[in-house]
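The next block holds one structure in the form of structure tokens; read it before the comments.
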Amino acid sequence: MEKHGTIVKVSGPLIVAEHMKDVQVYDVVRVSEKRLLGEVIELRDDLASIQVYEETAGIGPGEPVFYTYQPLSVALGPGLVSGIFDGILRPLDKIYEMAGTHIPLGINVDPLNKETLWEFVPKANVGDILTGGMEVGYVDETKVVRHKIMVPPNVSGKLISINGGEHTIEDIIYELEINGEVKGFTMIQYWPVRRKRPYVKKIAPTKPMITGQRVIDTLFPIATGGIAAIPGPFGSGKTVVQHQLSKWADADIIVYVGCGERGNEMTDVLMEFPKLKDPKTGESLMQRTVLIANTSNMPVAAREASIYTGITIAEYFRDMGYKVAIMADSTSRWAEALREMSSRLEEMPGEEGYPAYLSSRLAEFYERAGLVETLGGQSIGAVTAIGAVSPPGGDTSEPVSQATLRIVKVFWGLSSSLAYKRHFPAIDWLNSYSLYEDAVFESLDKEETNWSRQVRRTMALLQEEASLEEIVRLVGIDTLSPYDRIKLITTQMIREDYLHQNAFNDIDTYTSLHKQYLMLNTILTWYDLAREALDNNKSFKAIDQMEIKEQIGRLKYVKESKVDVEVNQILDTMRHEFDTLEVE
């Protein structure tokens with residue numbers, strides 16, 4: 001007979017059960033005869049507080065709580081990529097086939113399809129000594145992703161047998177002799193979501209993760225293996241920025257966690273990604289994406305699980321030597337779930353009612369990102385973590401934003417005033433920053449000469465614009481010198497023709513590093529020639545009315561293949577126009 005405790009109290013997603021001395025904190029339990037999935041989060045004598053990851057309506061005291069003696073774990077193996085799962089890794093497409101549009105209580109579906117046959121190609125040879133993290137073989141999971149089958153961490157032994165060919169994920173495909181005993185292994189690994197997957201060592205990130213978003217790549221770059229936050233008020237475009245990064249970021253695998261956000265946003269991802277082509281491979285973006293949907297109408301406790309599930313999957317692909325980017329949209333909703341569970345546990349509240357351990361939980365999540373030397377020492381893998389933060393009223397002085405800022409190294413602050421002006425992405429260049437700049441610029445300068453110099457000039461101009469605009473507001477534009485007015489025209493071009501980017505335009509949605517360099521260089525060349533023209537007593541009015549400015553503005557809509565020719569033509573025309581300007 002199964003061992004079980006008894007429910008004594010039900011408070012929304014929190015259940016208290018007695019006779020629970022044999023369980024441990026973070027053990028999974030099955031609640032009531034409906035077998036709802038729950039996790040022990042607190043133990044007092046023989047009373048256990050359990051957060052339930054499903055709706056608890058209709059459950060009352062006296063019902064059983066069954067032990068599993070296992071921590072909350074996820075199945076890692078072929079079948080993850082291009083799937084959509086809920087916060088506890090149940091495949092939503094399978095549930096839809098079985099039960100329709102509503103998830104039935106207590107439904108237990110295998111996360112990975114156990115009937116699919118995968119073509120396993122061995123890489124190791126009988127007699128090899130294998131240690132944790134070493135590659136045994138691989139299956140081609142999609143046209144884009146080669147799924148490496150690795151020895152589980154903390155396991156080592158001599159390879160006794162290995163079976164190539166078609167197998168399901170439950171077939172034993174290789175056997176290891178461990179301390180005199182022979183043990184068989186399948187394609188699946190199970191891993192507790194709250195535990196970091198091990199690696200040899202962490203490496204300081206130095207290479208940029210190119211995103212194709214000009215304001216990010218140019219002004220506030222993120223390194224591969226870095227961590228970033230996107231705070232912003234309602235309607236400022238956080239989700240669209242994360243969608244853009246998911247689509248175009250230079251990563252092999254994308255893990256997108258919709259944590260407490262609107263359901264229609266996950267629908268957008270599901271509808272859009274299969275149609276979009278990856279610029280690197282030409283295949284559908286869905287072929288390198290794992291989606292975890294825990295929308296705002298799903299049980300609140302599962303938000304915490306979804307974040308840990310996502311980062312565990314990201315670490316698993318990192319261990320194969322891939323560059324993984326995880327998008328968490330949004331960590332504020334996760335923090336709200338923590339606050340709700342904390343208040344139900346009657347814990348002492350911290351600032352604004354959030355639990356005192358808010359900062360450490362956020363740090364736990366973000367610290368699992370990074371650039372690492374993987375186990376087996378055969379490759380370098382990376383997890384780049386990007387979290388959206390939704391501060392109430394856009395006030396970034398609230399606890400979640402402040403706790404996040406202490407951890408992350410890139411801050412892309414979204415501005416409601418830019419969003420109201422329809423300037424997207426609405427990343428505020430005066431409030432945002434990147435602490436990876438110096439390391440990343442070194443790498444970018446090798447690709448595009450003078451990249452860092454050009455970027456620093458641009459930032460200096462944008463900062464000067466803010467003080468010049470203050471003067472204009474106070475005493476009018478006529479008080480500015482022609483040189484200052486040229487600065488304002490240049491910064492307007494930088495803002496409108498360069499930083500403004502249309503996510504829904506087929507060409508403008510993604511800009512390569514080379515095109516970004518040429519576009520910015522063209523604007524700065526115009527600025528230098530305009531200053532030179534003023535030195536030569538050319539008319540400011542004539543400079544202001546130059547036709548070439550319109551061509552510079554249209555440069556963002558020029559295809560990548562034609563941009564070099566177009567830029568050369570613009571520069572030639574520009575120099576000719578400046579030469580023929582009238583003298584005052």
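For the structure tokens, the naming scheme is as follows: chains receive sequential letters (A, B, ...) according to their order of presentation, residues are indexed from 1 within each chain, and ligands are indexed from 1 in presentation order.
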
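Among the residues of stretch 250-320 of chain A, backbone DSSP assigns alpha helix (DSSP H) to Gly263, Asn264, Glu265, Met266, Thr267, Asp268, Val269, Leu270, Met271, Glu272, Ala302, Arg303, Glu304, Ala305, Ser306, Ile307, Tyr308, Thr309, Gly310, Ile311, Thr312, Ile313, Ala314, Glu315, Tyr316, Phe317 and Arg318 of chain A.
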
N, CA and C atoms of the current selection, written as a JSON list (two decimals), in the first residue's frame:
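After the write, selection-v4.json holds the following:
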[["chain", "number", "residue", "atom", "x", "y", "z"],
["A", 263, "GLY", "N", -2.16, 34.89, -22.43],
["A", 263, "GLY", "CA", -2.17, 33.71, -23.29],
["A", 263, "GLY", "C", -2.01, 34.03, -24.76],
["A", 264, "ASN", "N", -2.58, 35.19, -25.19],
["A", 264, "ASN", "CA", -2.51, 35.51, -26.62],
["A", 264, "ASN", "C", -1.08, 35.78, -27.07],
["A", 265, "GLU", "N", -0.19, 36.15, -26.10],
["A", 265, "GLU", "CA", 1.21, 36.39, -26.48],
["A", 265, "GLU", "C", 1.90, 35.07, -26.82],
["A", 266, "MET", "N", 1.58, 34.02, -26.07],
["A", 266, "MET", "CA", 2.14, 32.69, -26.40],
["A", 266, "MET", "C", 1.54, 32.20, -27.72],
["A", 267, "THR", "N", 0.27, 32.55, -27.96],
["A", 267, "THR", "CA", -0.37, 32.16, -29.23],
["A", 267, "THR", "C", 0.37, 32.82, -30.39],
["A", 268, "ASP", "N", 0.74, 34.11, -30.22],
["A", 268, "ASP", "CA", 1.50, 34.82, -31.27],
["A", 268, "ASP", "C", 2.78, 34.07, -31.60],
["A", 269, "VAL", "N", 3.49, 33.64, -30.54],
["A", 269, "VAL", "CA", 4.75, 32.92, -30.74],
["A", 269, "VAL", "C", 4.49, 31.63, -31.52],
["A", 270, "LEU", "N", 3.47, 30.90, -31.08],
["A", 270, "LEU", "CA", 3.14, 29.61, -31.71],
["A", 270, "LEU", "C", 2.75, 29.77, -33.18],
["A", 271, "MET", "N", 2.04, 30.86, -33.48],
["A", 271, "MET", "CA", 1.59, 31.08, -34.86],
["A", 271, "MET", "C", 2.73, 31.60, -35.74],
["A", 272, "GLU", "N", 3.59, 32.46, -35.14],
["A", 272, "GLU", "CA", 4.61, 33.16, -35.92],
["A", 272, "GLU", "C", 5.85, 32.32, -36.18],
["A", 302, "ALA", "N", 2.62, 27.22, -10.27],
["A", 302, "ALA", "CA", 3.42, 26.62, -11.34],
["A", 302, "ALA", "C", 4.35, 27.62, -12.02],
["A", 303, "ARG", "N", 4.18, 28.93, -11.70],
["A", 303, "ARG", "CA", 5.08, 29.92, -12.30],
["A", 303, "ARG", "C", 6.51, 29.69, -11.85],
["A", 304, "GLU", "N", 6.67, 29.34, -10.58],
["A", 304, "GLU", "CA", 8.02, 29.10, -10.07],
["A", 304, "GLU", "C", 8.63, 27.89, -10.77],
["A", 305, "ALA", "N", 7.82, 26.84, -10.90],
["A", 305, "ALA", "CA", 8.31, 25.62, -11.56],
["A", 305, "ALA", "C", 8.72, 25.91, -13.00],
["A", 306, "SER", "N", 7.94, 26.76, -13.70],
["A", 306, "SER", "CA", 8.21, 27.00, -15.13],
["A", 306, "SER", "C", 9.58, 27.66, -15.33],
["A", 307, "ILE", "N", 9.94, 28.59, -14.42],
["A", 307, "ILE", "CA", 11.25, 29.26, -14.53],
["A", 307, "ILE", "C", 12.38, 28.25, -14.35],
["A", 308, "TYR", "N", 12.25, 27.37, -13.34],
["A", 308, "TYR", "CA", 13.30, 26.38, -13.08],
["A", 308, "TYR", "C", 13.34, 25.31, -14.17],
["A", 309, "THR", "N", 12.17, 24.93, -14.67],
["A", 309, "THR", "CA", 12.12, 23.96, -15.78],
["A", 309, "THR", "C", 12.86, 24.51, -16.99],
["A", 310, "GLY", "N", 12.59, 25.79, -17.30],
["A", 310, "GLY", "CA", 13.23, 26.44, -18.46],
["A", 310, "GLY", "C", 14.74, 26.48, -18.34],
["A", 311, "ILE", "N", 15.24, 26.89, -17.18],
["A", 311, "ILE", "CA", 16.70, 27.04, -17.03],
["A", 311, "ILE", "C", 17.39, 25.66, -17.01],
["A", 312, "THR", "N", 16.69, 24.63, -16.52],
["A", 312, "THR", "CA", 17.26, 23.26, -16.52],
["A", 312, "THR", "C", 17.40, 22.75, -17.96],
["A", 313, "ILE", "N", 16.37, 23.00, -18.79],
["A", 313, "ILE", "CA", 16.45, 22.60, -20.21],
["A", 313, "ILE", "C", 17.59, 23.36, -20.90],
["A", 314, "ALA", "N", 17.71, 24.66, -20.57],
["A", 314, "ALA", "CA", 18.78, 25.48, -21.16],
["A", 314, "ALA", "C", 20.16, 24.91, -20.79],
["A", 315, "GLU", "N", 20.33, 24.53, -19.52],
["A", 315, "GLU", "CA", 21.62, 23.96, -19.08],
["A", 315, "GLU", "C", 21.91, 22.63, -19.78],
["A", 316, "TYR", "N", 20.86, 21.85, -20.02],
["A", 316, "TYR", "CA", 21.03, 20.55, -20.68],
["A", 316, "TYR", "C", 21.60, 20.73, -22.09],
["A", 317, "PHE", "N", 21.04, 21.68, -22.85],
["A", 317, "PHE", "CA", 21.56, 21.93, -24.20],
["A", 317, "PHE", "C", 22.93, 22.62, -24.15],
["A", 318, "ARG", "N", 23.15, 23.43, -23.12],
["A", 318, "ARG", "CA", 24.48, 24.03, -22.92],
["A", 318, "ARG", "C", 25.53, 22.94, -22.77]]

Exercise. Which neighbours of A:Ile169 fall inside 9 Å, counting only C-alpha atoms, when residues of the same chain fewer than 2 positions from it are skipped, and could you give them as a PyMOL selection string?
Worked result: chain A and resi 77-78+112-118+167+171-173+186-188

Problem set entry | A:Val52, A:Ala530, A:Met459, A:Leu520 ranked by distance to A:Ser11, top pick (using only C-alpha atoms) | A:Val52

For this session: Name the residues in contact with A:Thr490 at a cut-off of 9 Å, using only C-alpha atoms, excluding same-chain residues fewer than 2 positions from it; report them as a list in words.
Result: Leu461, Arg485, Ile486, Lys487, Leu488, Gln492, Met493, Ile494, Arg495, Ile523, Leu524, Trp526 and Tyr527 of chain A

Dump of N, CA, C and O atoms for the selected residues, as a PDB file, in the first residue's frame:
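Listed below is the output, selection12.pdb:
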ATOM      1  N   LEU A 461      26.930  62.093 -28.531  1.00  0.00           N
ATOM      2  CA  LEU A 461      25.984  62.981 -29.235  1.00  0.00           C
ATOM      3  C   LEU A 461      24.587  62.897 -28.623  1.00  0.00           C
ATOM      4  O   LEU A 461      23.920  63.912 -28.408  1.00  0.00           O
ATOM      5  N   ARG A 485      22.938  73.162 -33.709  1.00  0.00           N
ATOM      6  CA  ARG A 485      21.751  72.759 -34.468  1.00  0.00           C
ATOM      7  C   ARG A 485      22.075  71.579 -35.398  1.00  0.00           C
ATOM      8  O   ARG A 485      21.239  70.698 -35.612  1.00  0.00           O
ATOM      9  N   ILE A 486      23.304  71.547 -35.894  1.00  0.00           N
ATOM     10  CA  ILE A 486      23.754  70.384 -36.689  1.00  0.00           C
ATOM     11  C   ILE A 486      23.754  69.132 -35.806  1.00  0.00           C
ATOM     12  O   ILE A 486      23.366  68.041 -36.240  1.00  0.00           O
ATOM     13  N   LYS A 487      24.181  69.299 -34.544  1.00  0.00           N
ATOM     14  CA  LYS A 487      24.156  68.169 -33.593  1.00  0.00           C
ATOM     15  C   LYS A 487      22.729  67.641 -33.436  1.00  0.00           C
ATOM     16  O   LYS A 487      22.504  66.432 -33.428  1.00  0.00           O
ATOM     17  N   LEU A 488      21.771  68.561 -33.286  1.00  0.00           N
ATOM     18  CA  LEU A 488      20.372  68.143 -33.103  1.00  0.00           C
ATOM     19  C   LEU A 488      19.831  67.427 -34.341  1.00  0.00           C
ATOM     20  O   LEU A 488      19.095  66.444 -34.224  1.00  0.00           O
ATOM     21  N   GLN A 492      18.726  63.509 -34.370  1.00  0.00           N
ATOM     22  CA  GLN A 492      17.394  63.143 -34.869  1.00  0.00           C
ATOM     23  C   GLN A 492      17.520  62.015 -35.894  1.00  0.00           C
ATOM     24  O   GLN A 492      16.727  61.072 -35.904  1.00  0.00           O
ATOM     25  N   MET A 493      18.550  62.101 -36.756  1.00  0.00           N
ATOM     26  CA  MET A 493      18.790  61.030 -37.738  1.00  0.00           C
ATOM     27  C   MET A 493      19.158  59.722 -37.024  1.00  0.00           C
ATOM     28  O   MET A 493      18.690  58.643 -37.419  1.00  0.00           O
ATOM     29  N   ILE A 494      19.980  59.843 -35.980  1.00  0.00           N
ATOM     30  CA  ILE A 494      20.366  58.632 -35.229  1.00  0.00           C
ATOM     31  C   ILE A 494      19.123  57.986 -34.623  1.00  0.00           C
ATOM     32  O   ILE A 494      18.921  56.770 -34.702  1.00  0.00           O
ATOM     33  N   ARG A 495      18.268  58.820 -34.020  1.00  0.00           N
ATOM     34  CA  ARG A 495      17.067  58.295 -33.358  1.00  0.00           C
ATOM     35  C   ARG A 495      16.082  57.690 -34.357  1.00  0.00           C
ATOM     36  O   ARG A 495      15.620  56.571 -34.201  1.00  0.00           O
ATOM     37  N   ILE A 523      25.673  58.205 -41.172  1.00  0.00           N
ATOM     38  CA  ILE A 523      25.117  59.352 -40.415  1.00  0.00           C
ATOM     39  C   ILE A 523      26.252  60.202 -39.831  1.00  0.00           C
ATOM     40  O   ILE A 523      26.244  61.438 -39.918  1.00  0.00           O
ATOM     41  N   LEU A 524      27.260  59.530 -39.247  1.00  0.00           N
ATOM     42  CA  LEU A 524      28.371  60.269 -38.627  1.00  0.00           C
ATOM     43  C   LEU A 524      29.232  60.971 -39.685  1.00  0.00           C
ATOM     44  O   LEU A 524      29.789  62.044 -39.436  1.00  0.00           O
ATOM     45  N   TRP A 526      27.987  62.224 -42.440  1.00  0.00           N
ATOM     46  CA  TRP A 526      27.191  63.429 -42.750  1.00  0.00           C
ATOM     47  C   TRP A 526      27.469  64.515 -41.701  1.00  0.00           C
ATOM     48  O   TRP A 526      27.655  65.682 -42.034  1.00  0.00           O
ATOM     49  N   TYR A 527      27.529  64.116 -40.429  1.00  0.00           N
ATOM     50  CA  TYR A 527      27.779  65.066 -39.332  1.00  0.00           C
ATOM     51  C   TYR A 527      29.140  65.750 -39.498  1.00  0.00           C
ATOM     52  O   TYR A 527      29.267  66.980 -39.400  1.00  0.00           O
TER      53      TYR A 527
END

Exercise. Using only C-alpha atoms, which of A:Ser390, A:Ser443, A:Gln287, A:Thr101 sits nearest A:Lys207?
Worked result: A:Ser443

For this session: Would you mind listing what lies within 8 Å of stretch 382-389 of chain A as a PyMOL selection string, with only C-alpha atoms counted and same-chain residues fewer than 3 positions away left out?
Result: chain A and resi 223-232+238-239+242+314-315+318+321-332+366+368-372+400-401

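Atom pair atom CA of A:Leu291 / atom CA of A:Ala337 has a distance of 20.2 Å (rounded to one decimal).
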
For this session: Would you mind writing down, as a PyMOL selection string, each residue of stretch 150-327 of chain A that DSSP on the backbone assigns to strand (DSSP E)?
Result: chain A and resi 150+157-162+165-167+174-178+181-185+189-192+201-203+227-231+253-259+289-294+323-327

Problem set entry | Gap from atom CA of A:Leu430 to atom CA of A:Ser397 - Å, one decimal |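 Computed distance, atom CA of A:Leu430 to atom CA of A:Ser397, equals 16.8 Å.
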
What are the closest atom pairs, with distances in Å to one decimal, for each residue of stretch 459-531 of chain A lying within 12 Å of stretch 431-434 of chain A, using only C-alpha atoms, rows by chain and rising residue number, as a Markdown table?
| residue | atom | partner | partner_atom | distance |
| --- | --- | --- | --- | --- |
| A:Met459 | CA | A:Tyr433 | CA | 11.0 |
| A:Leu462 | CA | A:Asn431 | CA | 11.7 |
| A:Gln463 | CA | A:Asn431 | CA | 10.5 |
| A:Ala466 | CA | A:Asn431 | CA | 11.9 |

Problem set entry | Straight-line distance linking atom CA of A:Leu513 with atom CA of A:Glu496, stated in Å to one decimal |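 Spanning atom CA of A:Leu513 to atom CA of A:Glu496 is a straight-line distance of 18.5 Å.
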
Exercise. Within 7 Å of A:Met20, counting only C-alpha atoms, which residues qualify if same-chain residues fewer than 2 places away don't, as a PyMOL selection string?
Worked result: chain A and resi 5+17-18+22-23+46-48

Taking C-alpha atoms for each residue, export the selection above as a PDB file, in the first residue's frame.
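Final output, saved to out_1.pdb:
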ATOM      1  CA  GLY A   5      -0.344  11.787   4.660  1.00  0.00           C
ATOM      2  CA  ALA A  17      -0.953  17.843   5.376  1.00  0.00           C
ATOM      3  CA  GLU A  18      -0.108  15.837   8.522  1.00  0.00           C
ATOM      4  CA  ASP A  22       9.099  10.758   5.859  1.00  0.00           C
ATOM      5  CA  VAL A  23       9.180  13.436   3.123  1.00  0.00           C
ATOM      6  CA  ASP A  46       4.979  16.095  10.859  1.00  0.00           C
ATOM      7  CA  LEU A  47       3.098  18.927   9.087  1.00  0.00           C
ATOM      8  CA  ALA A  48       4.074  19.667   5.480  1.00  0.00           C
TER       9      ALA A  48
END

Sorted per-residue table, stretch 187-226 of chain A near stretch 57-75 of chain A, closest atoms and distance, 10 Å, only C-alpha atoms, as a tab-separated table:
residue	atom	partner	partner_atom	distance
A:Met187	CA	A:Ala75	CA	10.0
A:Ile188	CA	A:Ala75	CA	6.3
A:Gln189	CA	A:Ala75	CA	5.9
A:Tyr190	CA	A:Ala75	CA	4.7
A:Trp191	CA	A:Ser73	CA	5.1
A:Pro192	CA	A:Ser73	CA	4.0
A:Val193	CA	A:Ser73	CA	5.4
A:Arg194	CA	A:Leu72	CA	7.8
A:Arg195	CA	A:Ser73	CA	9.4

Save the residues we just selected, N, CA, C and O atoms, as a PDB file, in the first residue's frame?
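Output file again.pdb follows:
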ATOM      1  N   MET A 187      18.045   7.063 -23.744  1.00  0.00           N
ATOM      2  CA  MET A 187      18.322   8.424 -24.230  1.00  0.00           C
ATOM      3  C   MET A 187      17.879   9.492 -23.231  1.00  0.00           C
ATOM      4  O   MET A 187      18.194  10.657 -23.409  1.00  0.00           O
ATOM      5  N   ILE A 188      17.092   9.107 -22.222  1.00  0.00           N
ATOM      6  CA  ILE A 188      16.536  10.113 -21.291  1.00  0.00           C
ATOM      7  C   ILE A 188      17.421  10.267 -20.063  1.00  0.00           C
ATOM      8  O   ILE A 188      17.964   9.293 -19.551  1.00  0.00           O
ATOM      9  N   GLN A 189      17.545  11.509 -19.604  1.00  0.00           N
ATOM     10  CA  GLN A 189      18.121  11.797 -18.283  1.00  0.00           C
ATOM     11  C   GLN A 189      17.049  12.506 -17.466  1.00  0.00           C
ATOM     12  O   GLN A 189      16.292  13.315 -18.007  1.00  0.00           O
ATOM     13  N   TYR A 190      16.982  12.224 -16.178  1.00  0.00           N
ATOM     14  CA  TYR A 190      16.077  12.973 -15.285  1.00  0.00           C
ATOM     15  C   TYR A 190      16.936  13.867 -14.403  1.00  0.00           C
ATOM     16  O   TYR A 190      17.972  13.427 -13.886  1.00  0.00           O
ATOM     17  N   TRP A 191      16.504  15.114 -14.252  1.00  0.00           N
ATOM     18  CA  TRP A 191      17.310  16.053 -13.471  1.00  0.00           C
ATOM     19  C   TRP A 191      16.410  16.920 -12.585  1.00  0.00           C
ATOM     20  O   TRP A 191      15.437  17.493 -13.079  1.00  0.00           O
ATOM     21  N   PRO A 192      16.743  17.059 -11.285  1.00  0.00           N
ATOM     22  CA  PRO A 192      15.949  17.929 -10.400  1.00  0.00           C
ATOM     23  C   PRO A 192      16.070  19.388 -10.845  1.00  0.00           C
ATOM     24  O   PRO A 192      17.186  19.882 -11.025  1.00  0.00           O
ATOM     25  N   VAL A 193      14.938  20.075 -11.008  1.00  0.00           N
ATOM     26  CA  VAL A 193      14.967  21.413 -11.618  1.00  0.00           C
ATOM     27  C   VAL A 193      15.638  22.456 -10.735  1.00  0.00           C
ATOM     28  O   VAL A 193      16.132  23.472 -11.233  1.00  0.00           O
ATOM     29  N   ARG A 194      15.643  22.236  -9.431  1.00  0.00           N
ATOM     30  CA  ARG A 194      16.211  23.258  -8.542  1.00  0.00           C
ATOM     31  C   ARG A 194      17.717  23.106  -8.366  1.00  0.00           C
ATOM     32  O   ARG A 194      18.341  23.879  -7.645  1.00  0.00           O
ATOM     33  N   ARG A 195      18.292  22.093  -8.987  1.00  0.00           N
ATOM     34  CA  ARG A 195      19.737  21.867  -8.829  1.00  0.00           C
ATOM     35  C   ARG A 195      20.465  22.238 -10.114  1.00  0.00           C
ATOM     36  O   ARG A 195      20.060  21.833 -11.203  1.00  0.00           O
TER      37      ARG A 195
END

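Minimum atom-to-atom distance to A:Ser296, evaluated using only C-alpha atoms, belongs to A:Cys259 out of A:Ala99, A:Cys259, A:Ala251, A:Ile471.
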
Env of A:Ser156: 10 Å cut, atoms = only C-alpha atoms, seq-sep filter 4 positions within chain, self excluded. Answer as a PDB file with C-alpha atoms, in the first residue's frame.
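Okay, around.pdb is ready:
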ATOM      1  CA  ILE A 129      36.169   4.768 -20.354  1.00  0.00           C
ATOM      2  CA  LEU A 130      33.335   7.330 -20.261  1.00  0.00           C
ATOM      3  CA  THR A 131      32.730   9.989 -17.633  1.00  0.00           C
ATOM      4  CA  GLY A 132      29.756  12.287 -16.961  1.00  0.00           C
ATOM      5  CA  GLY A 133      28.963  14.677 -19.819  1.00  0.00           C
ATOM      6  CA  MET A 134      30.848  12.722 -22.500  1.00  0.00           C
ATOM      7  CA  VAL A 151      26.563  10.124 -20.106  1.00  0.00           C
ATOM      8  CA  PRO A 152      24.575  11.518 -17.141  1.00  0.00           C
ATOM      9  CA  LEU A 176      28.429   0.845 -18.737  1.00  0.00           C
ATOM     10  CA  GLU A 177      30.374  -1.266 -16.271  1.00  0.00           C
ATOM     11  CA  ILE A 178      30.359   0.767 -13.030  1.00  0.00           C
ATOM     12  CA  ASN A 179      32.311  -0.681 -10.071  1.00  0.00           C
TER      13      ASN A 179
END

For this session: Please provide the set of residues having any atom within 10 Å of A:Gly127, restricted to only C-alpha atoms, with same-chain residues fewer than 4 positions apart removed, written as a list in words.
Result: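 After dropping sequence-adjacent residues, the list is Gly157, Lys158, Leu159, Ile160, Ser161, Leu176 and Glu177 of chain A.
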
Seminar exercise, completed: Using only C-alpha atoms, the shortest atom-to-atom distance to A:Asp250 among A:Asp535, A:Asp508, A:Asp217, A:Glu550 belongs to A:Asp217
